[in-house]
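Trainee: I'm passing along upload_25.cif; it holds mmCIF, C-alpha atoms and all ligand atoms.
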data_final
#
loop_
_atom_site.group_PDB
_atom_site.id
_atom_site.type_symbol
_atom_site.label_atom_id
_atom_site.label_comp_id
_atom_site.auth_asym_id
_atom_site.auth_seq_id
_atom_site.Cartn_x
_atom_site.Cartn_y
_atom_site.Cartn_z
ATOM 1 C CA MET A 2 -3.375 6.395 -22.512
ATOM 2 C CA VAL A 3 -6.718 5.207 -23.812
ATOM 3 C CA GLU A 4 -8.687 7.182 -26.400
ATOM 4 C CA PRO A 5 -11.461 8.998 -24.504
ATOM 5 C CA TYR A 6 -14.212 7.586 -26.760
ATOM 6 C CA LEU A 7 -13.071 4.027 -25.923
ATOM 7 C CA ARG A 8 -12.895 4.605 -22.192
ATOM 8 C CA GLN A 9 -15.159 2.363 -20.101
ATOM 9 C CA SER A 10 -15.513 2.125 -16.351
ATOM 10 C CA ALA A 11 -14.200 -1.074 -14.761
ATOM 11 C CA LEU A 12 -17.756 -1.806 -13.558
ATOM 12 C CA VAL A 13 -19.646 -0.802 -16.710
ATOM 13 C CA HIS A 14 -21.064 -4.335 -17.103
ATOM 14 C CA ARG A 15 -22.900 -4.023 -13.773
ATOM 15 C CA GLY A 16 -25.200 -1.285 -15.114
ATOM 16 C CA LEU A 17 -24.887 0.737 -11.912
ATOM 17 C CA SER A 18 -26.889 3.726 -13.127
ATOM 18 C CA ARG A 19 -29.942 1.509 -13.788
ATOM 19 C CA ALA A 20 -29.510 -0.289 -10.475
ATOM 20 C CA ALA A 21 -29.127 2.994 -8.597
ATOM 21 C CA ALA A 22 -32.526 4.225 -9.852
ATOM 22 C CA GLY A 23 -34.252 1.805 -7.484
ATOM 23 C CA ALA A 24 -32.111 2.887 -4.516
ATOM 24 C CA MET A 25 -33.563 2.157 -1.094
ATOM 25 C CA SER A 26 -33.826 4.843 1.546
ATOM 26 C CA GLY A 27 -32.313 4.511 5.007
ATOM 27 C CA ALA A 28 -29.569 2.168 3.807
ATOM 28 C CA GLY A 29 -26.623 1.714 6.169
ATOM 29 C CA ILE A 30 -24.207 1.531 3.241
ATOM 30 C CA VAL A 31 -24.067 3.487 0.000
ATOM 31 C CA LEU A 32 -21.796 2.049 -2.694
ATOM 32 C CA SER A 33 -20.635 3.875 -5.780
ATOM 33 C CA GLU A 34 -17.883 3.767 -8.345
ATOM 34 C CA ARG A 35 -15.844 6.919 -8.886
ATOM 35 C CA PRO A 36 -14.373 6.022 -12.269
ATOM 36 C CA PHE A 37 -11.761 7.639 -14.507
ATOM 37 C CA ARG A 38 -9.983 9.554 -11.738
ATOM 38 C CA ALA A 39 -6.537 10.720 -12.832
ATOM 39 C CA MET A 40 -3.869 8.824 -10.859
ATOM 40 C CA VAL A 41 -0.149 9.430 -11.077
ATOM 41 C CA ASN A 42 2.459 7.516 -9.115
ATOM 42 C CA LEU A 43 5.389 9.600 -7.986
ATOM 43 C CA ARG A 44 8.800 8.470 -6.697
ATOM 44 C CA GLY A 45 11.428 10.837 -5.348
ATOM 45 C CA GLU A 46 13.534 11.844 -2.368
ATOM 46 C CA ALA A 47 11.430 13.264 0.477
ATOM 47 C CA SER A 48 14.601 14.843 1.902
ATOM 48 C CA ASP A 49 15.218 16.808 -1.319
ATOM 49 C CA ALA A 50 13.607 20.248 -0.942
ATOM 50 C CA GLY A 51 13.987 20.795 -4.693
ATOM 51 C CA PHE A 52 11.908 17.701 -5.421
ATOM 52 C CA LEU A 53 9.154 18.823 -3.050
ATOM 53 C CA SER A 54 9.001 22.303 -4.541
ATOM 54 C CA ALA A 55 9.003 20.884 -8.083
ATOM 55 C CA VAL A 56 5.889 18.858 -7.195
ATOM 56 C CA ARG A 57 4.306 21.900 -5.580
ATOM 57 C CA ALA A 58 4.939 23.936 -8.732
ATOM 58 C CA ALA A 59 3.688 21.290 -11.183
ATOM 59 C CA ALA A 60 0.747 19.756 -9.290
ATOM 60 C CA GLY A 61 -0.183 22.560 -6.908
ATOM 61 C CA VAL A 62 -0.160 20.231 -3.918
ATOM 62 C CA GLU A 63 2.156 19.711 -0.964
ATOM 63 C CA LEU A 64 3.434 16.126 -0.642
ATOM 64 C CA PRO A 65 2.486 14.565 2.714
ATOM 65 C CA LEU A 66 5.618 13.405 4.550
ATOM 66 C CA GLN A 67 3.817 11.802 7.508
ATOM 67 C CA PRO A 68 3.081 8.095 6.943
ATOM 68 C CA ASN A 69 -0.547 7.199 6.186
ATOM 69 C CA THR A 70 -1.636 10.791 5.554
ATOM 70 C CA THR A 71 -2.845 12.867 2.603
ATOM 71 C CA GLN A 72 -2.690 16.486 1.487
ATOM 72 C CA ARG A 73 -5.447 18.073 -0.520
ATOM 73 C CA ALA A 74 -5.393 21.240 -2.606
ATOM 74 C CA ALA A 75 -8.670 20.956 -4.521
ATOM 75 C CA PRO A 76 -9.033 19.407 -6.974
ATOM 76 C CA VAL A 77 -5.686 17.569 -6.469
ATOM 77 C CA THR A 78 -4.924 15.099 -3.661
ATOM 78 C CA ALA A 79 -1.545 13.622 -2.722
ATOM 79 C CA LEU A 80 -1.570 10.322 -0.803
ATOM 80 C CA TRP A 81 1.441 8.923 1.097
ATOM 81 C CA LEU A 82 2.323 5.415 -0.138
ATOM 82 C CA GLY A 83 5.849 4.978 1.215
ATOM 83 C CA PRO A 84 8.921 6.905 2.339
ATOM 84 C CA ASP A 85 9.684 7.925 -1.260
ATOM 85 C CA GLU A 86 6.399 7.216 -3.016
ATOM 86 C CA TRP A 87 3.099 9.055 -3.450
ATOM 87 C CA LEU A 88 -0.111 8.862 -5.468
ATOM 88 C CA ILE A 89 -1.366 12.111 -6.978
ATOM 89 C CA THR A 90 -5.055 12.068 -7.883
ATOM 90 C CA ALA A 91 -7.101 14.612 -9.822
ATOM 91 C CA PRO A 92 -10.368 14.792 -11.788
ATOM 92 C CA ALA A 93 -10.772 12.687 -14.928
ATOM 93 C CA GLY A 94 -8.563 13.725 -17.813
ATOM 94 C CA GLU A 95 -6.142 15.761 -15.686
ATOM 95 C CA GLU A 96 -3.446 13.106 -16.141
ATOM 96 C CA ARG A 97 -2.886 14.544 -19.606
ATOM 97 C CA VAL A 98 -1.773 17.795 -17.989
ATOM 98 C CA LEU A 99 -0.293 16.469 -14.751
ATOM 99 C CA VAL A 100 2.118 13.884 -16.168
ATOM 100 C CA PRO A 101 3.949 16.169 -18.619
ATOM 101 C CA ALA A 102 3.948 19.014 -16.080
ATOM 102 C CA LEU A 103 5.580 16.832 -13.399
ATOM 103 C CA ARG A 104 8.122 15.378 -15.829
ATOM 104 C CA ALA A 105 9.056 18.848 -17.057
ATOM 105 C CA SER A 106 9.462 20.220 -13.535
ATOM 106 C CA PHE A 107 11.804 17.366 -12.533
ATOM 107 C CA GLY A 108 14.189 17.799 -15.463
ATOM 108 C CA GLU A 109 17.288 15.723 -14.713
ATOM 109 C CA ARG A 110 16.293 15.112 -11.084
ATOM 110 C CA HIS A 111 16.245 11.488 -9.859
ATOM 111 C CA ALA A 112 12.460 11.009 -9.773
ATOM 112 C CA ALA A 113 9.824 8.925 -11.534
ATOM 113 C CA VAL A 114 6.342 9.777 -12.804
ATOM 114 C CA ILE A 115 4.046 6.944 -13.870
ATOM 115 C CA ASP A 116 0.492 7.356 -15.163
ATOM 116 C CA LEU A 117 -1.688 4.729 -13.423
ATOM 117 C CA THR A 118 -5.060 6.188 -14.430
ATOM 118 C CA GLU A 119 -6.250 3.298 -16.587
ATOM 119 C CA SER A 120 -4.970 0.590 -14.247
ATOM 120 C CA ARG A 121 -7.113 1.403 -11.204
ATOM 121 C CA THR A 122 -10.561 2.474 -10.187
ATOM 122 C CA VAL A 123 -12.157 3.858 -7.039
ATOM 123 C CA ILE A 124 -15.099 2.374 -5.149
ATOM 124 C CA ALA A 125 -16.619 4.637 -2.510
ATOM 125 C CA VAL A 126 -18.161 3.068 0.608
ATOM 126 C CA SER A 127 -20.261 5.514 2.567
ATOM 127 C CA GLY A 128 -22.760 5.434 5.414
ATOM 128 C CA ALA A 129 -23.162 4.774 9.099
ATOM 129 C CA HIS A 130 -21.936 1.179 8.831
ATOM 130 C CA ALA A 131 -18.957 1.814 6.501
ATOM 131 C CA ARG A 132 -16.420 0.983 9.251
ATOM 132 C CA ASP A 133 -18.294 -2.203 10.213
ATOM 133 C CA LEU A 134 -18.347 -3.302 6.601
ATOM 134 C CA LEU A 135 -14.624 -2.770 5.986
ATOM 135 C CA ALA A 136 -13.749 -4.417 9.314
ATOM 136 C CA LYS A 137 -15.093 -7.689 7.880
ATOM 137 C CA GLY A 138 -12.197 -7.876 5.434
ATOM 138 C CA CYS A 139 -9.495 -5.560 6.784
ATOM 139 C CA THR A 140 -7.157 -5.839 9.777
ATOM 140 C CA LEU A 141 -6.576 -2.070 10.171
ATOM 141 C CA ASP A 142 -7.916 -0.193 13.175
ATOM 142 C CA LEU A 143 -10.460 2.076 11.465
ATOM 143 C CA HIS A 144 -11.677 3.795 14.650
ATOM 144 C CA PRO A 145 -11.711 7.607 14.122
ATOM 145 C CA ARG A 146 -8.971 7.936 16.768
ATOM 146 C CA ALA A 147 -6.651 5.687 14.756
ATOM 147 C CA PHE A 148 -7.879 6.496 11.230
ATOM 148 C CA PRO A 149 -9.189 10.091 11.062
ATOM 149 C CA VAL A 150 -10.541 11.954 8.036
ATOM 150 C CA GLY A 151 -7.643 12.443 5.616
ATOM 151 C CA ALA A 152 -5.873 9.240 6.656
ATOM 152 C CA CYS A 153 -4.875 6.732 3.988
ATOM 153 C CA ALA A 154 -3.338 3.262 4.077
ATOM 154 C CA GLN A 155 -2.314 0.575 1.660
ATOM 155 C CA THR A 156 -3.562 -2.661 3.117
ATOM 156 C CA GLY A 157 -5.444 -5.869 2.401
ATOM 157 C CA LEU A 158 -9.216 -5.776 1.922
ATOM 158 C CA ALA A 159 -10.964 -9.108 1.378
ATOM 159 C CA ARG A 160 -7.509 -10.571 0.607
ATOM 160 C CA ALA A 161 -6.885 -8.069 -2.212
ATOM 161 C CA GLY A 162 -4.406 -5.211 -2.075
ATOM 162 C CA ALA A 163 -6.240 -1.902 -1.654
ATOM 163 C CA LEU A 164 -5.567 1.731 -0.861
ATOM 164 C CA LEU A 165 -8.048 3.089 1.704
ATOM 165 C CA HIS A 166 -8.651 6.811 2.093
ATOM 166 C CA LEU A 167 -11.170 8.308 4.526
ATOM 167 C CA VAL A 168 -12.469 11.401 2.744
ATOM 168 C CA ASP A 169 -15.263 12.670 5.028
ATOM 169 C CA GLU A 170 -17.079 12.174 8.315
ATOM 170 C CA ALA A 171 -20.086 10.385 6.772
ATOM 171 C CA PRO A 172 -17.853 8.328 6.882
ATOM 172 C CA THR A 173 -16.896 7.823 3.236
ATOM 173 C CA PHE A 174 -13.966 5.556 2.410
ATOM 174 C CA GLU A 175 -12.511 5.654 -1.079
ATOM 175 C CA ILE A 176 -11.038 2.281 -2.003
ATOM 176 C CA THR A 177 -8.507 2.416 -4.829
ATOM 177 C CA ILE A 178 -7.940 -0.993 -6.388
ATOM 178 C CA LEU A 179 -6.498 -2.508 -9.516
ATOM 179 C CA ARG A 180 -9.030 -2.452 -12.329
ATOM 180 C CA SER A 181 -8.934 -6.250 -12.623
ATOM 181 C CA PHE A 182 -10.056 -6.523 -8.974
ATOM 182 C CA ALA A 183 -12.961 -4.083 -9.371
ATOM 183 C CA ASP A 184 -15.669 -6.665 -10.046
ATOM 184 C CA TYR A 185 -14.478 -8.975 -7.256
ATOM 185 C CA MET A 186 -14.296 -6.089 -4.776
ATOM 186 C CA TRP A 187 -17.705 -4.761 -5.806
ATOM 187 C CA VAL A 188 -19.362 -8.164 -5.361
ATOM 188 C CA TRP A 189 -17.610 -8.729 -2.030
ATOM 189 C CA LEU A 190 -18.640 -5.298 -0.692
ATOM 190 C CA ALA A 191 -22.245 -5.622 -1.885
ATOM 191 C CA ASP A 192 -22.532 -9.053 -0.283
ATOM 192 C CA ALA A 193 -20.871 -8.074 2.998
ATOM 193 C CA ALA A 194 -23.098 -4.982 3.200
ATOM 194 C CA GLN A 195 -26.409 -6.863 2.867
ATOM 195 C CA GLU A 196 -27.117 -6.888 6.600
ATOM 196 C CA TYR A 197 -26.894 -3.069 6.785
ATOM 197 C CA GLY A 198 -29.062 -2.366 3.726
ATOM 198 C CA VAL A 199 -27.308 -1.263 0.545
ATOM 199 C CA ALA A 200 -28.035 1.619 -1.793
ATOM 200 C CA LEU A 201 -26.150 2.322 -5.011
ATOM 201 C CA ARG A 202 -25.294 5.751 -6.234
ATOM 202 C CA THR A 203 -23.841 6.882 -9.524
ATOM 203 C CA GLU A 204 -21.289 9.669 -9.558
ATOM 204 C CA MET B 29 -0.835 -13.788 14.274
ATOM 205 C CA LEU B 30 1.983 -11.245 14.642
ATOM 206 C CA LEU B 31 1.559 -7.488 14.835
ATOM 207 C CA ILE B 32 4.597 -6.348 12.866
ATOM 208 C CA PRO B 33 5.874 -2.774 13.234
ATOM 209 C CA CYS B 34 6.655 -1.738 9.651
ATOM 210 C CA PRO B 35 9.417 0.880 10.000
ATOM 211 C CA PHE B 36 7.561 3.039 7.469
ATOM 212 C CA CYS B 37 3.796 2.436 7.954
ATOM 213 C CA GLY B 38 3.602 1.514 11.638
ATOM 214 C CA PRO B 39 2.104 -1.616 13.222
ATOM 215 C CA ARG B 40 0.269 -3.871 10.767
ATOM 216 C CA ASP B 41 -1.124 -7.378 10.769
ATOM 217 C CA GLU B 42 1.171 -10.231 9.720
ATOM 218 C CA SER B 43 -1.132 -11.013 6.768
ATOM 219 C CA GLU B 44 0.122 -7.822 5.052
ATOM 220 C CA PHE B 45 3.723 -9.084 5.062
ATOM 221 C CA GLY B 46 5.878 -11.682 3.416
ATOM 222 C CA CYS B 47 8.882 -13.272 5.113
ATOM 223 C CA GLY B 48 12.130 -13.465 3.128
ATOM 224 C CA GLY B 49 13.978 -15.814 5.458
ATOM 225 C CA GLU B 50 17.303 -15.299 7.213
ATOM 226 C CA ALA B 51 18.890 -11.851 6.989
ATOM 227 C CA HIS B 52 22.530 -10.806 6.523
ATOM 228 C CA ILE B 53 23.510 -13.548 4.061
ATOM 229 C CA ALA B 54 26.217 -11.951 1.946
ATOM 230 C CA ARG B 55 26.744 -13.219 -1.593
ATOM 231 C CA PRO B 56 30.322 -14.520 -1.937
ATOM 232 C CA THR B 57 32.564 -12.183 -3.944
ATOM 233 C CA ASP B 58 35.370 -14.651 -4.783
ATOM 234 C CA THR B 59 33.051 -16.796 -6.912
ATOM 235 C CA ASP B 60 35.857 -18.054 -9.190
ATOM 236 C CA ARG B 61 37.559 -19.855 -6.339
ATOM 237 C CA LEU B 62 34.416 -21.042 -4.507
ATOM 238 C CA SER B 63 34.089 -24.784 -3.965
ATOM 239 C CA ASP B 64 30.820 -26.616 -4.549
ATOM 240 C CA ALA B 65 30.506 -27.061 -0.806
ATOM 241 C CA ASP B 66 30.892 -23.317 -0.229
ATOM 242 C CA TRP B 67 28.298 -22.561 -2.907
ATOM 243 C CA ALA B 68 25.915 -25.042 -1.352
ATOM 244 C CA ALA B 69 26.463 -23.517 2.085
ATOM 245 C CA TYR B 70 25.705 -20.030 0.715
ATOM 246 C CA LEU B 71 22.628 -21.128 -1.227
ATOM 247 C CA PHE B 72 21.005 -23.658 1.069
ATOM 248 C CA MET B 73 22.349 -23.716 4.612
ATOM 249 C CA ARG B 74 20.278 -21.603 7.006
ATOM 250 C CA LYS B 75 20.213 -21.106 10.756
ATOM 251 C CA ASN B 76 17.298 -22.607 12.615
ATOM 252 C CA PRO B 77 17.741 -21.256 16.111
ATOM 253 C CA LYS B 78 15.666 -21.730 19.196
ATOM 254 C CA GLY B 79 15.865 -18.094 20.223
ATOM 255 C CA VAL B 80 16.593 -14.835 18.435
ATOM 256 C CA HIS B 81 16.442 -15.036 14.647
ATOM 257 C CA LEU B 82 17.372 -12.172 12.311
ATOM 258 C CA GLU B 83 15.126 -12.231 9.267
ATOM 259 C CA ARG B 84 13.974 -10.166 6.293
ATOM 260 C CA TRP B 85 10.365 -9.144 5.811
ATOM 261 C CA VAL B 86 8.546 -7.230 3.066
ATOM 262 C CA HIS B 87 5.437 -5.141 3.615
ATOM 263 C CA ARG B 88 3.749 -6.799 0.652
ATOM 264 C CA LEU B 89 0.284 -5.165 0.842
ATOM 265 C CA GLY B 90 1.529 -1.868 2.306
ATOM 266 C CA CYS B 91 4.536 0.219 1.323
ATOM 267 C CA ARG B 92 6.225 -2.809 -0.383
ATOM 268 C CA ARG B 93 9.541 -2.040 1.373
ATOM 269 C CA TRP B 94 11.929 -4.667 2.719
ATOM 270 C CA PHE B 95 13.347 -4.407 6.238
ATOM 271 C CA ASN B 96 15.102 -6.537 8.856
ATOM 272 C CA LEU B 97 13.438 -7.875 11.955
ATOM 273 C CA ALA B 98 14.764 -9.716 15.046
ATOM 274 C CA ARG B 99 12.250 -12.251 16.347
ATOM 275 C CA SER B 100 12.351 -14.832 19.080
ATOM 276 C CA THR B 101 11.390 -18.168 17.567
ATOM 277 C CA VAL B 102 10.261 -19.316 21.030
ATOM 278 C CA SER B 103 7.922 -16.490 22.106
ATOM 279 C CA HIS B 104 7.393 -14.740 18.722
ATOM 280 C CA GLU B 105 8.432 -11.535 20.484
ATOM 281 C CA ILE B 106 9.706 -8.947 18.004
ATOM 282 C CA LEU B 107 12.871 -7.517 19.557
ATOM 283 C CA ALA B 108 13.937 -5.044 16.888
ATOM 284 C CA VAL B 109 13.125 -3.733 13.439
ATOM 285 C CA TYR B 110 15.878 -2.092 11.396
ATOM 286 C CA LYS B 111 16.655 -0.980 7.859
ATOM 287 C CA MET B 112 18.052 -3.109 5.052
ATOM 288 C CA GLY B 113 21.826 -2.693 4.999
ATOM 289 C CA ASP B 114 22.028 -1.779 8.685
ATOM 290 C CA PRO B 115 23.686 -4.146 11.183
ATOM 291 C CA PRO B 116 21.433 -5.519 13.935
ATOM 292 C CA PRO B 117 21.141 -3.232 16.998
ATOM 293 C CA ALA B 118 23.784 -4.023 19.655
ATOM 294 C CA SER B 119 21.266 -5.416 22.151
ATOM 295 C CA VAL B 120 19.906 -7.920 19.665
ATOM 296 C CA ALA B 121 23.298 -8.769 18.142
ATOM 297 C CA GLY B 122 24.504 -9.855 21.574
ATOM 298 C CA GLN B 123 21.546 -12.186 22.039
ATOM 299 C CA GLU B 124 21.931 -13.518 18.537
ATOM 300 C CA ALA B 125 25.601 -14.389 19.141
ATOM 301 C CA ARG B 126 24.917 -16.162 22.428
ATOM 302 C CA ARG B 127 22.617 -18.754 20.956
ATOM 303 C CA THR B 128 25.251 -20.134 18.550
HETATM 304 ZN ZN ZN A 301 5.053 -0.508 5.295
#
Show this structure as structure tokens.
Mentor:
Amino acid sequence: MVEPYLRQSALVHRGLSRAAAGAMSGAGIVLSERPFRAMVNLRGEASDAGFLSAVRAAAGVELPLQPNTTQRAAPVTALWLGPDEWLITAPAGEERVLVPALRASFGERHAAVIDLTESRTVIAVSGAHARDLLAKGCTLDLHPRAFPVGACAQTGLARAGALLHLVDEAPTFEITILRSFADYMWVWLADAAQEYGVALRTE
Amino acid sequence: MLLIPCPFCGPRDESEFGCGGEAHIARPTDTDRLSDADWAAYLFMRKNPKGVHLERWVHRLGCRRWFNLARSTVSHEILAVYKMGDPPPASVAGQEARRT
């Protein structure tokens, strides 16, 4: 866990708040970083009712058991990553509460809690052309019929591993990536979005 | 390009996967008495069929789980997907036996 006063966004060197001040209107794509989000990786048995209720008690969210889906109980979201693996996300700083609470609720149960907060960041891609933009580097079917609001998927985006999550109808995709890929992904997205017009937003 | 049905995530593009080669190769247990030739056969000798091949794949960019897959090396048709540790489904096992 990093000391809060040392904490820097993975894209701090891009000076996004200055760049966002000159934002264009009518852009087809709005890019932003959503930094510092609390992220906790969870492993456990989906068939164990005790495990599911322990998560419910500690994180206040129901774990999604359907592949490629999420469950949200504001401000916490649980994303399905695999048959026995989830990502729990929450506002910045919440990992300090969430991690010990989950560990305590599991006791001797066969489960794992890993704090991933500092290892990843989130880039949000929003706007009318968001699906067109992601389709340039992603093989998933992102049509609303196949990938509705609330859907999530771990996949490849521009040859990098990424977790996609469609959070609203705008549509807004949240792309969770390893921190070391943040600059590459940002540059790739900004370049691929040129033809639609790009605006930056700070969060 | 193959569309591979991950048993956990559903159909995904081949580029999300890695292939781990032939499936169902059991490590010898009587290693003290194994001859060099037997070791070599276990380590290096692999089937190369024209027909149904049983192989291991990992969903590298997705759920990162390993699974078994039966694929025709002629048509690339994927005939079955099944869990690690499970034997091949009867239909596929029959086809696999015939080609040897
Ligand atoms: Zn998968």
Trainee: Given the file above and the PyMOL selection byres (((chain A and resi 72) around 10) and not hetatm), which residues are selected, and can you give them as a PyMOL selection string?
Mentor: chain A and resi 62-66+70-71+73-75+77-81+89+151-152
Trainee: Which residues, protein or nucleic acid, reach to within 10 Å of (13.5, -15.2, 23.5) in the file's coordinates when using all atoms listed in the file, and can you give that as a list in words?
Mentor: Lys78, Gly79, Val80, His81, Arg99, Ser100, Thr101, Val102, Ser103, His104, Glu105, Ile106, Leu107, Gln123 and Glu124 of chain B
Trainee: Name the residues in contact with range 13-15 of chain A at a cut-off of 10 Å, using only C-alpha atoms, excluding same-chain residues fewer than 6 positions from it; report them as a PyMOL selection string.
Mentor: chain A and resi 34+36+184+187
Trainee: Could you pull out the residues sitting within 9 Å of ligand ZN 301 (chain A), using all atoms listed in the file, and write them as a list in words?
Mentor: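 The distance check yields Pro68, Leu82, Gly83, Pro84 and Gln155 of chain A; Pro33, Cys34, Pro35, Phe36, Cys37, Gly38, Pro39, Arg40, Glu44, Phe45, Val86, His87, Arg88, Leu89, Gly90, Cys91, Arg92, Arg93 and Trp94 of chain B.
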Trainee: Give me, as an MDAnalysis selection string, the residues of chain A touching chain B, with the criterion being at most 9 Å (counting all atoms listed in the file).
Mentor: chainID A and resid 68:69 82:84 86 140:141 154:157 160:164
Trainee: Would you pull range 87-104 of chain A out of the block just shown and save N, CA, C and O atoms as a JSON list (two decimals), in the first residue's frame?
Mentor:
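Saved as part.json:
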[["chain", "number", "residue", "atom", "x", "y", "z"],
["A", 87, "TRP", "N", -13.12, -13.04, -8.84],
["A", 87, "TRP", "CA", -13.86, -11.78, -9.03],
["A", 87, "TRP", "C", -12.94, -10.60, -8.75],
["A", 87, "TRP", "O", -11.92, -10.73, -8.07],
["A", 88, "LEU", "N", -13.34, -9.42, -9.26],
["A", 88, "LEU", "CA", -12.70, -8.17, -8.90],
["A", 88, "LEU", "C", -13.73, -7.31, -8.19],
["A", 88, "LEU", "O", -14.82, -7.09, -8.73],
["A", 89, "ILE", "N", -13.38, -6.87, -6.99],
["A", 89, "ILE", "CA", -14.26, -5.97, -6.23],
["A", 89, "ILE", "C", -13.69, -4.57, -6.38],
["A", 89, "ILE", "O", -12.50, -4.37, -6.09],
["A", 90, "THR", "N", -14.48, -3.62, -6.82],
["A", 90, "THR", "CA", -13.99, -2.25, -6.94],
["A", 90, "THR", "C", -14.82, -1.33, -6.05],
["A", 90, "THR", "O", -16.00, -1.60, -5.79],
["A", 91, "ALA", "N", -14.17, -0.25, -5.62],
["A", 91, "ALA", "CA", -14.82, 0.71, -4.71],
["A", 91, "ALA", "C", -14.10, 2.04, -4.84],
["A", 91, "ALA", "O", -13.03, 2.10, -5.46],
["A", 92, "PRO", "N", -14.65, 3.11, -4.29],
["A", 92, "PRO", "CA", -13.98, 4.42, -4.41],
["A", 92, "PRO", "C", -12.59, 4.40, -3.78],
["A", 92, "PRO", "O", -12.27, 3.55, -2.94],
["A", 93, "ALA", "N", -11.77, 5.37, -4.20],
["A", 93, "ALA", "CA", -10.39, 5.46, -3.75],
["A", 93, "ALA", "C", -10.28, 5.38, -2.24],
["A", 93, "ALA", "O", -11.07, 5.98, -1.51],
["A", 94, "GLY", "N", -9.33, 4.61, -1.77],
["A", 94, "GLY", "CA", -9.07, 4.52, -0.34],
["A", 94, "GLY", "C", -9.83, 3.40, 0.35],
["A", 94, "GLY", "O", -9.45, 2.94, 1.43],
["A", 95, "GLU", "N", -10.91, 2.94, -0.27],
["A", 95, "GLU", "CA", -11.76, 1.91, 0.36],
["A", 95, "GLU", "C", -11.04, 0.58, 0.55],
["A", 95, "GLU", "O", -11.48, -0.27, 1.33],
["A", 96, "GLU", "N", -9.93, 0.37, -0.22],
["A", 96, "GLU", "CA", -9.21, -0.89, -0.08],
["A", 96, "GLU", "C", -8.70, -1.08, 1.35],
["A", 96, "GLU", "O", -8.57, -2.21, 1.82],
["A", 97, "ARG", "N", -8.47, 0.04, 2.03],
["A", 97, "ARG", "CA", -7.97, -0.05, 3.41],
["A", 97, "ARG", "C", -9.01, -0.63, 4.36],
["A", 97, "ARG", "O", -8.67, -1.13, 5.43],
["A", 98, "VAL", "N", -10.28, -0.51, 3.98],
["A", 98, "VAL", "CA", -11.36, -1.07, 4.78],
["A", 98, "VAL", "C", -11.74, -2.46, 4.24],
["A", 98, "VAL", "O", -11.93, -3.40, 5.00],
["A", 99, "LEU", "N", -11.83, -2.52, 2.92],
["A", 99, "LEU", "CA", -12.34, -3.72, 2.24],
["A", 99, "LEU", "C", -11.46, -4.95, 2.47],
["A", 99, "LEU", "O", -11.96, -6.04, 2.78],
["A", 100, "VAL", "N", -10.15, -4.79, 2.32],
["A", 100, "VAL", "CA", -9.25, -5.94, 2.40],
["A", 100, "VAL", "C", -9.30, -6.59, 3.78],
["A", 100, "VAL", "O", -9.55, -7.79, 3.89],
["A", 101, "PRO", "N", -9.09, -5.81, 4.86],
["A", 101, "PRO", "CA", -9.18, -6.46, 6.18],
["A", 101, "PRO", "C", -10.57, -7.01, 6.48],
["A", 101, "PRO", "O", -10.69, -8.07, 7.11],
["A", 102, "ALA", "N", -11.62, -6.34, 6.00],
["A", 102, "ALA", "CA", -12.98, -6.82, 6.27],
["A", 102, "ALA", "C", -13.22, -8.17, 5.59],
["A", 102, "ALA", "O", -13.78, -9.09, 6.19],
["A", 103, "LEU", "N", -12.77, -8.31, 4.34],
["A", 103, "LEU", "CA", -12.94, -9.57, 3.62],
["A", 103, "LEU", "C", -12.14, -10.68, 4.29],
["A", 103, "LEU", "O", -12.63, -11.78, 4.51],
["A", 104, "ARG", "N", -10.88, -10.37, 4.62],
["A", 104, "ARG", "CA", -10.02, -11.39, 5.24],
["A", 104, "ARG", "C", -10.64, -11.87, 6.55],
["A", 104, "ARG", "O", -10.68, -13.07, 6.82]]
